[in-house]
Amino acid sequence: MKKDFFLIFILIKLFIFFCNSQTNIPGDSPNYYLTILETSSEENGTYSTYPSVTTDKTCTFNYTALVQHRVLNGAVNTLVSSSNEILIIPRYYSGDCRLFSLIGTFQTGTSVILNLTANSEANFTINYTCNEVKISDIEVVLLRPYVMFEYQMFFSSFMLKGIGKHVFDIITVQQTQPTAGFISFKGIEGYLYSWGSKYVMDNINNPYWNITIFLGNDSKTISFNSFYSKYSFEQLPQLLNDTIFYPENYNTQIYTQFGWGYDQFLTTKFKSEVFPPFQLLSQSYAYPIPIKGSKNEMVFGLVFAGSTDQSQPLIYTLVNQNKTSLTNSTFYSVCKVFPIPYYTSDGDRVFLVQDKIFKIIVTQLNYKFIENEFTYNGKSIVRGFPYGFYRGSNDNLTLSSTFNKPLFLSEPSFTIKIFGGGDFISFYLDPIMTNCPANISPNIIGYSFTPINSLLGLLTIKIKSDNGVYSVIIGDDIYGLESLTSGDPYMGTFEFLFKALNPPNSIKVIDSCGLYSSFRDGSIISMYPLLRYKIPDYLLNQFSFDSFNITFEKNDIKLLNKTGYNVLYIKASNLSPNSPLGIILFDTVSLTLSQLNLYDLIPCVYNPSEHRFECRLIIPKNNIYDYIRYIIFFGAGNRLMLSGTLPLSSTLRVSDTYLDNDGPIFNSIEKIGGIDIISGDIQQIGWNFTITDDLNGFDKGYIKVVGSLDSSTYEFNFTSLDFIKGDKWNGVYSLLINVSSPCCSQTLTITDVILFDTNNVFSQFSLFSRNPNSLSNPFRNYYKSGMDITKINITCDPLFQQIDSNPVILSTFNISTKSLNVIGTNRDIIIDFSVIPSISGLKIGQLPVVYIHANPNSLIDCKSKLISYNQTLAVYTCTIEIPLGFGYPGYLFFSIYGFINNAGFYNGFLPEDIASIGADCNITTFISFDQPTITSTSKIYSDTTQFQIIGRGLSTSNRVNIFYSTYNLSVNPSMIYGPTVTVIADSSKDPFKIQIETPSFKSNIFTVYPIYFDLNNNDTNPTQSPTPTQSQTPTQSQSQTPTQPETQSPTPTLTQTPTQSQSNFCQGNPQCGGSNQGRCGLNGCICFSPWVGPSCNSQIIIVPQPTINTTNPSTEIPIPNNQSTESLNILYSTLISIVSLRELNFNNSQVKIFYFEKWIYTKLDDFKSIYFTSIPSVNSNITVTLEWFNTSTIIKFADEIITMNPSSIKYTIDIKGYEFLNKLNILQLILSASLETNNEDVCSSKEFGSTDSSTDYLKIQIEDHSLYGRFIKRAIVDGKTMTISNQLLDKSLNAIDEPSSVQSLIGITIPYFKNNITVDPDFSVLFDYSKDSNYNCYSNSKLSGSQIAGIVIGSVAFVAIIAISIIYYIAKVRKEKRFINNIGNKLQKIN
């Protein structure tokens, strides 16, 4: 009922909107109707306007009239005026309707009566007045009495009262200085004047700043208190030091840009209570950017360009305020521009058109680390290496790509362009002849707007198309048939979510033949019945400045090392609950974060009980002093308000802070290697970076290095914990690359860097940046010495350098499906492929990328993983989730690029290359409407109780399942509108998961990460985003940066949030053993005692304490059989031991391994023993503590609370000291665990997974007995708690997997450490009440051997296990006697 009432409310609103957007003019004939479409009148047929410019003497009369003759076969042929003052132009007609344009010009102060006659038989009257602008009628209202500074400009704001709601487009002023001018805010009846920089300089000490405006024949002077007039002399800015230039001493040399677009800059230092002190750089008329400091000492920066002609340098004058005076200094600037590459004119240019695809081939190109832009049919994709790199090396490249042939062409050309440059290659596309069923453009039957929340709206359109809809362009966004929600492409309903503050001002519908219909705001879709495309009034929000009441929960905040939490309240008499409303923080730090979209539009949520909007603000710590600037957006167009135009009660003041708007920088850089000739041994080259960040401290970073010849790519993600010396404020970080023979001589260049501090303030460098900013370049200390510091040369010994220009050979290629529902819940596809390496071998760390191309010119990337490699075959796989609607209707075509051999040659494979080996190179797409999919949610804070779930296929949702960390909740949707479901649920500070249910399906499970918000918390600084960094240790990934579907970003976002899980995370049928045994939690089953295990279907078996092994830290646990009489002779036993320790490099390749042979045993008490051994060659000591638990016990390890079950054993393993070969290397600890029985007819299974975010489990089972191991994903590393990983190694080490003998291999992966590390796994024996679906069973009366299900955590121990299995292949009549005796033998063979 609530939903129906809301729908009726919306329909009434839409009806009122249509009625108000047009005016019916009364006439003398009942069969004729005349309607003015653009505006409403004061009364029927009465209009009154003002000139658009304050000094104009005329008004423009410009309206559209719709005339209708409502009789059988009626028609409108003519519309004439009795006056020659207006021009009537007939436009087009439909049925009994015709449109006319009415155009005229009238003098101010005149009123006219316009008589119009239709078909010489119906008369209409329009009364029109052109009002004169009289200064006596107008009152000037100052919104603030003094000048403000925001948005890098000095401005004043005011209103003109007495002219109704009219807002002049242009206000004429007496004189205009550089950068001065008016901005009109039509939606709020106000004006903003930006003061010219010269006027500010000339009047900096004057108490008043004046502007003279002309209104009609008169003028009026408006006075404002000047910006600096309210401050005392002591508070005024004082210049503290001379100007510092980057590079230093630049006047004595020509500066060469440090990467494209990185110009010189300067800094100055002020003491000032005023923000900002006046500083101006002539030529650019730029004001300074605050970098860091406080009122007592603030540093500002200014960027300036240089002349490329040394004989004619640019001359700059720097103006600085010093108390009440201005100081001028002059300097000269010459700059050598960092060049953008260009395409060579040599080589072939080939364009081939085939049945479903077309191909381009361009030869003899040079590649220099910049992206290419591929454009056709009006759409572009941007990619760098390896996309399109078909053959060759960077000095002689063949670029070749295959594209889907479009159904039609909107423009007859295909271009390849250097992204950001002017050089391009163009091909002519022949017209594509399409057999169209009809030559009729698609048409809109109807549409509606529905508000979802203050930032989101829904546009629903019903479309009829004889040829079938191909795409719909809403504003600037292109949609395919994924937006179709009912019907079909010929007569269907489409739904589009849009940003409420930027509603779509146009619609374009294109059919499969390229025919289209387009409509802009105000366009007539149909004249009879009248249907116009019009943005509704609720999205435009018409009101006045003085109708607003804006307050804060707290007007004063402290930001020194503290994040500020606050709420802004908005009340306005004519704001409705559906009004679009949002805020952008415009303080110094938030502006910096917005450059990477780390700080976006803040929603304002309507509170019906308080009749106001509430906006939650999270103000970054260590911000600017004075007050926090912000902008309120409340509708389309210029409907916004700067905080400086609002009353003083709307000011958010900062009382305690120290600005840190300077990202981490490289204080010093040391090259490692790069001089010696590379011979046969592995050598390391790279850099040591000293990263400095004074206040916030360095948090995380990313560095990308690329080879000049083969584009081999090395990517490093690292955090503040990875320093080799120092701390997060001033630490040294090492970036090392292994180089070995065979190799190619080339230069490794740093092409991309991004460094974040703990407040997400960043510094960024890219060789060819899209938005270069010298103030945030981490290399700024190297502007003088130049870019050589970013390069290291590799010179290969000629004896080890091979010439190998042979491409790898594609051996196999397999796609997991031949067709895909691209709007279904599960859209994952798996691509497996293998290649035969060339003679020099492959660079196995350089992973190829699978590209998937679809219409209309769309591309997605799937980065591969290496499965296995030898000299004759390399096997890869990749998995990707296809975006919603991608490629429908049509095909998805596959290609592979990025194979690099050791001789510096790369190659790829086009779709036809894949097809040539008999493999499928494409799959078909289809759509099915009934499967629900969650794609996102509205913004959710830690105190949010109502939010929207967004996706597709959600219109029939009947339940929403919410999985919190400690309990679950199932609720009904409170509202459903198209692809959105509104939910009322509990708030949560922790991540939680959601799932939609419809009558027939369940959606994917989507993880929500609430944004921490606590209005009462101003003492701590919790992380605003709970997402982890990509890497906790410096890890090298030699593949390209993650990309988005259409454009490739040169650096990844390091705080990317995981979005969804495709499978249910609670096991068992019923889940978690049913309501009496457990319940489903956030990360898995939560079991009720005495039930345990991943599905709560097991119980602890109480066993006697095992006999202590005094030789090594191994434990044999005999298991009693308390079952039926006929099974009394069946025995079970478990075996747990430590096998070895191995060191792995960054490629996870083994470089060292140590087997444990001799241990020193010490008994501590009846339940605890200690074993000690050492590895002298690496100065390492290993201590293992074994502890047996007879009863349930609570312990704590690595900040985790752990319950030890009765009859369980815990291994605490401490490694002190280890001399790593490389700081990027890791250790892997090898454990062995097995479960055995003497029964020959058994079923066994193995299982490895996660019970929650902090624990992995290992379960091996024979019949109804299991050995259950827990592996905490945390360790104590050098006294700190850190995350570690546990890896299943079966596949890489060829473990046995047969019905009678199951074997697994797992490694506890240990990061680099300096002093010591401690890990803490434990094991229990379980009795199971259900069997796993993955059981392997074996029955053979001729076999008499015991069946082994073993999990060996190790690398090479599987050979020993096979030997043990053979030893146990004995006669059945002796198995009970020999079973126990041989356990000791097995232990010795393993160890």
# chains A, B, ... in the order shown; residues from 1 in each chain; ligands from 1
$ select_by_dssp --residues "range 935-1014 of chain A" --states "strand (DSSP E or B)" --output "number ranges by chain"
A: 935-937, 941, 946-952, 959-963, 968-971, 975-977, 980-984, 992-997, 1002, 1005-1008, 1011
$ residues_around --residues "Ile754 in chain A" --least-positions-apart "6" --cutoff "12 Å" --atoms "only C-alpha atoms" --output "VMD selection string"
chain A and resid 596 663 to 666 691 698 to 704 715 to 719 760 to 766 769 776 to 779 1050 to 1054
$ residues_around --residues "range 146-156 of chain A" --least-positions-apart "5" --cutoff "8 Å" --atoms "only C-alpha atoms" --output "JSON, numbers by chain"
{"A": [192, 193, 194, 195, 224, 225, 226, 227, 276, 287, 586, 629, 642, 644, 645]}
$ residues_around --residues "range 1157-1174 of chain A" --least-positions-apart "3" --cutoff "12 Å" --atoms "only C-alpha atoms" --output "PyMOL selection string"
chain A and resi 1104-1115+1137-1141+1154+1177-1191+1207-1218+1387-1391
$ closest_residue --among "A:Leu540, A:Phe331, A:Leu568, A:Thr982" --to "Leu640 in chain A" --atoms "only C-alpha atoms"
A:Leu540
$ closest_residue --among "A:Tyr390, A:Phe1156, A:Tyr376, A:Tyr565" --to "Arg1142 in chain A" --atoms "only C-alpha atoms"
A:Phe1156
$ residues_around --residues "Thr956 in chain A" --least-positions-apart "4" --cutoff "12 Å" --atoms "only C-alpha atoms" --output "list in words"
Thr485, Phe929, Asp930, Gln931, Pro932, Thr933, Arg952, Val960, Asn972, Pro973, Met975, Ile976, Tyr977, Gly978, Pro979, Thr980, Val981, Ile996, Glu997, Thr998, Pro999, Ser1000, Phe1001, Lys1002 and Ser1003 of chain A
$ residues_around --residues "Ser811 in chain A" --least-positions-apart "3" --cutoff "8 Å" --atoms "only C-alpha atoms" --output "list in words"
Phe833, Ser834, Val835, Ile836 and Ile917 of chain A
$ residues_around --residues "range 407-418 of chain A" --least-positions-apart "6" --cutoff "8 Å" --atoms "only C-alpha atoms" --output "mmCIF file with all heavy atoms, in the first residue's frame"
data_model
loop_
_atom_site.group_PDB
_atom_site.id
_atom_site.type_symbol
_atom_site.label_atom_id
_atom_site.label_comp_id
_atom_site.auth_asym_id
_atom_site.auth_seq_id
_atom_site.Cartn_x
_atom_site.Cartn_y
_atom_site.Cartn_z
ATOM 1 N N PRO A 341 55.740 11.132 -28.641
ATOM 2 C CA PRO A 341 56.151 10.371 -29.828
ATOM 3 C C PRO A 341 55.189 10.590 -30.998
ATOM 4 O O PRO A 341 54.073 11.098 -30.840
ATOM 5 C CB PRO A 341 56.097 8.916 -29.335
ATOM 6 C CG PRO A 341 56.137 8.995 -27.852
ATOM 7 C CD PRO A 341 55.462 10.278 -27.490
ATOM 8 N N TYR A 342 55.637 10.173 -32.162
ATOM 9 C CA TYR A 342 54.824 10.299 -33.367
ATOM 10 C C TYR A 342 54.955 9.015 -34.177
ATOM 11 O O TYR A 342 55.881 8.219 -33.986
ATOM 12 C CB TYR A 342 55.256 11.506 -34.195
ATOM 13 C CG TYR A 342 56.719 11.464 -34.616
ATOM 14 C CD1 TYR A 342 57.117 10.846 -35.807
ATOM 15 C CD2 TYR A 342 57.699 12.036 -33.800
ATOM 16 C CE1 TYR A 342 58.450 10.791 -36.168
ATOM 17 C CE2 TYR A 342 59.038 11.982 -34.162
ATOM 18 C CZ TYR A 342 59.409 11.358 -35.348
ATOM 19 O OH TYR A 342 60.724 11.291 -35.699
ATOM 20 N N TYR A 343 53.999 8.801 -35.072
ATOM 21 C CA TYR A 343 54.037 7.627 -35.945
ATOM 22 C C TYR A 343 54.982 7.894 -37.121
ATOM 23 O O TYR A 343 54.927 8.961 -37.747
ATOM 24 C CB TYR A 343 52.641 7.295 -36.483
ATOM 25 C CG TYR A 343 51.667 6.860 -35.431
ATOM 26 C CD1 TYR A 343 50.438 7.511 -35.276
ATOM 27 C CD2 TYR A 343 51.950 5.792 -34.585
ATOM 28 C CE1 TYR A 343 49.524 7.100 -34.317
ATOM 29 C CE2 TYR A 343 51.040 5.387 -33.618
ATOM 30 C CZ TYR A 343 49.844 6.045 -33.484
ATOM 31 O OH TYR A 343 48.942 5.636 -32.533
ATOM 32 N N ILE A 370 53.667 5.178 -24.572
ATOM 33 C CA ILE A 370 52.448 5.987 -24.594
ATOM 34 C C ILE A 370 51.318 5.148 -25.156
ATOM 35 O O ILE A 370 51.543 4.152 -25.844
ATOM 36 C CB ILE A 370 52.659 7.281 -25.424
ATOM 37 C CG1 ILE A 370 51.579 8.313 -25.100
ATOM 38 C CG2 ILE A 370 52.701 6.975 -26.912
ATOM 39 C CD1 ILE A 370 51.879 9.701 -25.641
ATOM 40 N N GLU A 371 50.095 5.536 -24.850
ATOM 41 C CA GLU A 371 48.936 4.745 -25.248
ATOM 42 C C GLU A 371 48.460 5.115 -26.645
ATOM 43 O O GLU A 371 48.689 6.231 -27.122
ATOM 44 C CB GLU A 371 47.799 4.952 -24.244
ATOM 45 C CG GLU A 371 48.140 4.457 -22.847
ATOM 46 C CD GLU A 371 47.124 4.901 -21.824
ATOM 47 O OE1 GLU A 371 46.694 6.077 -21.896
ATOM 48 O OE2 GLU A 371 46.744 4.091 -20.966
ATOM 49 N N ASN A 372 47.784 4.168 -27.292
ATOM 50 C CA ASN A 372 47.150 4.401 -28.587
ATOM 51 C C ASN A 372 45.640 4.503 -28.399
ATOM 52 O O ASN A 372 45.055 3.833 -27.542
ATOM 53 C CB ASN A 372 47.462 3.258 -29.561
ATOM 54 C CG ASN A 372 48.938 3.171 -29.904
ATOM 55 O OD1 ASN A 372 49.525 4.145 -30.343
ATOM 56 N ND2 ASN A 372 49.536 2.017 -29.687
ATOM 57 N N GLU A 373 45.020 5.341 -29.207
ATOM 58 C CA GLU A 373 43.561 5.524 -29.171
ATOM 59 C C GLU A 373 42.979 5.018 -30.486
ATOM 60 O O GLU A 373 43.337 5.490 -31.563
ATOM 61 C CB GLU A 373 43.218 6.996 -28.960
ATOM 62 C CG GLU A 373 41.726 7.272 -28.851
ATOM 63 C CD GLU A 373 41.438 8.734 -28.575
ATOM 64 O OE1 GLU A 373 42.378 9.554 -28.661
ATOM 65 O OE2 GLU A 373 40.281 9.055 -28.275
ATOM 66 N N PHE A 374 42.091 4.023 -30.403
ATOM 67 C CA PHE A 374 41.459 3.417 -31.575
ATOM 68 C C PHE A 374 40.012 3.899 -31.630
ATOM 69 O O PHE A 374 39.241 3.685 -30.689
ATOM 70 C CB PHE A 374 41.490 1.896 -31.476
ATOM 71 C CG PHE A 374 42.872 1.313 -31.292
ATOM 72 C CD1 PHE A 374 43.445 1.225 -30.027
ATOM 73 C CD2 PHE A 374 43.601 0.857 -32.379
ATOM 74 C CE1 PHE A 374 44.711 0.689 -29.842
ATOM 75 C CE2 PHE A 374 44.868 0.317 -32.209
ATOM 76 C CZ PHE A 374 45.426 0.238 -30.944
ATOM 77 N N THR A 375 39.633 4.543 -32.749
ATOM 78 C CA THR A 375 38.320 5.166 -32.830
ATOM 79 C C THR A 375 37.602 4.764 -34.111
ATOM 80 O O THR A 375 38.175 4.817 -35.200
ATOM 81 C CB THR A 375 38.444 6.704 -32.804
ATOM 82 O OG1 THR A 375 39.130 7.099 -31.625
ATOM 83 C CG2 THR A 375 37.067 7.356 -32.829
ATOM 84 N N TYR A 376 36.354 4.324 -33.962
ATOM 85 C CA TYR A 376 35.446 4.206 -35.101
ATOM 86 C C TYR A 376 34.023 4.228 -34.569
ATOM 87 O O TYR A 376 33.770 3.932 -33.399
ATOM 88 C CB TYR A 376 35.719 2.957 -35.953
ATOM 89 C CG TYR A 376 35.287 1.639 -35.361
ATOM 90 C CD1 TYR A 376 34.031 1.095 -35.659
ATOM 91 C CD2 TYR A 376 36.120 0.914 -34.527
ATOM 92 C CE1 TYR A 376 33.642 -0.116 -35.143
ATOM 93 C CE2 TYR A 376 35.731 -0.299 -34.018
ATOM 94 C CZ TYR A 376 34.490 -0.818 -34.316
ATOM 95 O OH TYR A 376 34.089 -2.022 -33.805
ATOM 96 N N ASN A 377 33.108 4.623 -35.448
ATOM 97 C CA ASN A 377 31.691 4.760 -35.082
ATOM 98 C C ASN A 377 31.491 5.681 -33.885
ATOM 99 O O ASN A 377 30.595 5.472 -33.074
ATOM 100 C CB ASN A 377 31.058 3.398 -34.824
ATOM 101 C CG ASN A 377 30.061 3.040 -35.914
ATOM 102 O OD1 ASN A 377 30.069 3.627 -36.992
ATOM 103 N ND2 ASN A 377 29.197 2.085 -35.643
ATOM 104 N N GLY A 378 32.379 6.673 -33.773
ATOM 105 C CA GLY A 378 32.209 7.674 -32.732
ATOM 106 C C GLY A 378 32.619 7.241 -31.345
ATOM 107 O O GLY A 378 32.385 7.961 -30.375
ATOM 108 N N PHE A 424 48.164 10.827 -36.035
ATOM 109 C CA PHE A 424 47.194 9.751 -36.174
ATOM 110 C C PHE A 424 47.350 9.081 -37.532
ATOM 111 O O PHE A 424 47.951 9.595 -38.464
ATOM 112 C CB PHE A 424 45.762 10.267 -36.010
ATOM 113 C CG PHE A 424 45.312 11.194 -37.096
ATOM 114 C CD1 PHE A 424 44.645 10.714 -38.224
ATOM 115 C CD2 PHE A 424 45.553 12.561 -37.015
ATOM 116 C CE1 PHE A 424 44.230 11.570 -39.229
ATOM 117 C CE2 PHE A 424 45.154 13.418 -38.012
ATOM 118 C CZ PHE A 424 44.490 12.924 -39.132
ATOM 119 N N ILE A 425 46.805 7.863 -37.632
ATOM 120 C CA ILE A 425 46.715 7.102 -38.874
ATOM 121 C C ILE A 425 45.243 6.848 -39.129
ATOM 122 O O ILE A 425 44.511 6.428 -38.227
ATOM 123 C CB ILE A 425 47.483 5.773 -38.763
ATOM 124 C CG1 ILE A 425 48.960 6.032 -38.481
ATOM 125 C CG2 ILE A 425 47.324 4.941 -40.033
ATOM 126 C CD1 ILE A 425 49.743 4.778 -38.136
ATOM 127 N N SER A 426 44.789 7.093 -40.335
ATOM 128 C CA SER A 426 43.368 6.986 -40.647
ATOM 129 C C SER A 426 43.136 5.999 -41.781
ATOM 130 O O SER A 426 43.930 5.906 -42.723
ATOM 131 C CB SER A 426 42.798 8.360 -41.033
ATOM 132 O OG SER A 426 41.424 8.266 -41.279
ATOM 133 N N PHE A 427 42.045 5.229 -41.663
ATOM 134 C CA PHE A 427 41.604 4.319 -42.714
ATOM 135 C C PHE A 427 40.181 4.690 -43.094
ATOM 136 O O PHE A 427 39.366 5.078 -42.245
ATOM 137 C CB PHE A 427 41.626 2.863 -42.231
ATOM 138 C CG PHE A 427 42.988 2.365 -41.840
ATOM 139 C CD1 PHE A 427 43.391 2.382 -40.511
ATOM 140 C CD2 PHE A 427 43.872 1.882 -42.790
ATOM 141 C CE1 PHE A 427 44.634 1.929 -40.133
ATOM 142 C CE2 PHE A 427 45.124 1.419 -42.430
ATOM 143 C CZ PHE A 427 45.502 1.442 -41.104
ATOM 144 N N TYR A 428 39.864 4.519 -44.358
ATOM 145 C CA TYR A 428 38.509 4.780 -44.837
ATOM 146 C C TYR A 428 37.698 3.498 -44.734
ATOM 147 O O TYR A 428 38.143 2.421 -45.117
ATOM 148 C CB TYR A 428 38.516 5.266 -46.286
ATOM 149 C CG TYR A 428 37.125 5.454 -46.862
ATOM 150 C CD1 TYR A 428 36.367 6.562 -46.491
ATOM 151 C CD2 TYR A 428 36.593 4.518 -47.729
ATOM 152 C CE1 TYR A 428 35.092 6.737 -47.002
ATOM 153 C CE2 TYR A 428 35.319 4.676 -48.246
ATOM 154 C CZ TYR A 428 34.564 5.798 -47.881
ATOM 155 O OH TYR A 428 33.296 5.961 -48.377
ATOM 156 N N LEU A 429 36.505 3.616 -44.184
ATOM 157 C CA LEU A 429 35.603 2.474 -44.068
ATOM 158 C C LEU A 429 34.542 2.563 -45.152
ATOM 159 O O LEU A 429 33.851 3.587 -45.262
ATOM 160 C CB LEU A 429 34.926 2.453 -42.690
ATOM 161 C CG LEU A 429 35.845 2.239 -41.479
ATOM 162 C CD1 LEU A 429 35.022 2.243 -40.201
ATOM 163 C CD2 LEU A 429 36.594 0.932 -41.589
ATOM 164 N N ASP A 430 34.410 1.504 -45.952
ATOM 165 C CA ASP A 430 33.342 1.468 -46.947
ATOM 166 C C ASP A 430 31.990 1.426 -46.259
ATOM 167 O O ASP A 430 31.844 0.842 -45.181
ATOM 168 C CB ASP A 430 33.488 0.236 -47.838
ATOM 169 C CG ASP A 430 34.711 0.339 -48.737
ATOM 170 O OD1 ASP A 430 35.052 1.472 -49.131
ATOM 171 O OD2 ASP A 430 35.327 -0.701 -49.022
ATOM 172 N N PRO A 431 30.980 2.045 -46.868
ATOM 173 C CA PRO A 431 29.634 1.993 -46.273
ATOM 174 C C PRO A 431 29.173 0.553 -46.095
ATOM 175 O O PRO A 431 29.415 -0.307 -46.932
ATOM 176 C CB PRO A 431 28.768 2.734 -47.301
ATOM 177 C CG PRO A 431 29.724 3.586 -48.062
ATOM 178 C CD PRO A 431 31.026 2.830 -48.103
ATOM 179 N N ILE A 432 28.566 0.286 -44.960
ATOM 180 C CA ILE A 432 28.049 -1.050 -44.685
ATOM 181 C C ILE A 432 26.590 -1.097 -45.107
ATOM 182 O O ILE A 432 25.756 -0.332 -44.619
ATOM 183 C CB ILE A 432 28.204 -1.387 -43.189
ATOM 184 C CG1 ILE A 432 29.692 -1.449 -42.836
ATOM 185 C CG2 ILE A 432 27.517 -2.694 -42.843
ATOM 186 C CD1 ILE A 432 29.957 -1.682 -41.374
ATOM 187 N N MET A 433 26.298 -1.987 -46.040
ATOM 188 C CA MET A 433 24.934 -2.100 -46.560
ATOM 189 C C MET A 433 24.131 -3.019 -45.644
ATOM 190 O O MET A 433 24.475 -4.184 -45.453
ATOM 191 C CB MET A 433 24.955 -2.660 -47.981
ATOM 192 C CG MET A 433 25.819 -1.855 -48.954
ATOM 193 S SD MET A 433 25.371 -0.090 -49.028
ATOM 194 C CE MET A 433 23.725 -0.223 -49.718
ATOM 195 N N THR A 434 23.104 -2.496 -45.055
ATOM 196 C CA THR A 434 22.273 -3.260 -44.136
ATOM 197 C C THR A 434 20.898 -3.475 -44.749
ATOM 198 O O THR A 434 20.276 -2.542 -45.249
ATOM 199 C CB THR A 434 22.124 -2.516 -42.796
ATOM 200 O OG1 THR A 434 23.426 -2.205 -42.289
ATOM 201 C CG2 THR A 434 21.387 -3.366 -41.780
ATOM 202 N N SER A 512 18.939 -0.971 -35.324
ATOM 203 C CA SER A 512 19.979 -1.858 -35.849
ATOM 204 C C SER A 512 20.397 -1.496 -37.267
ATOM 205 O O SER A 512 21.353 -2.071 -37.790
ATOM 206 C CB SER A 512 19.498 -3.307 -35.805
ATOM 207 O OG SER A 512 18.308 -3.457 -36.569
ATOM 208 N N CYS A 513 19.703 -0.557 -37.919
ATOM 209 C CA CYS A 513 20.093 -0.094 -39.250
ATOM 210 C C CYS A 513 20.777 1.267 -39.199
ATOM 211 O O CYS A 513 21.138 1.818 -40.247
ATOM 212 C CB CYS A 513 18.862 -0.013 -40.160
ATOM 213 S SG CYS A 513 18.139 -1.622 -40.529
ATOM 214 N N GLY A 514 20.929 1.827 -38.013
ATOM 215 C CA GLY A 514 21.546 3.137 -37.881
ATOM 216 C C GLY A 514 20.563 4.282 -37.931
ATOM 217 O O GLY A 514 20.972 5.440 -37.777
#
$ closest_residue --among "A:Tyr1012, A:Phe689, A:Phe389, A:Tyr479" --to "Asp943 in chain A" --atoms "only C-alpha atoms"
A:Tyr1012
$ atom_distance --atom1 "CA of Pro451 in chain A" --atom2 "CA of Phe548 in chain A"
22.0 Å
$ select_by_dssp --residues "range 189-308 of chain A" --states "helix (DSSP H, G or I)" --output "list in words"
Ser197, Lys198, Tyr199, Val200, Met201, Asp202, Tyr250, Asn251 and Thr252 of chain A
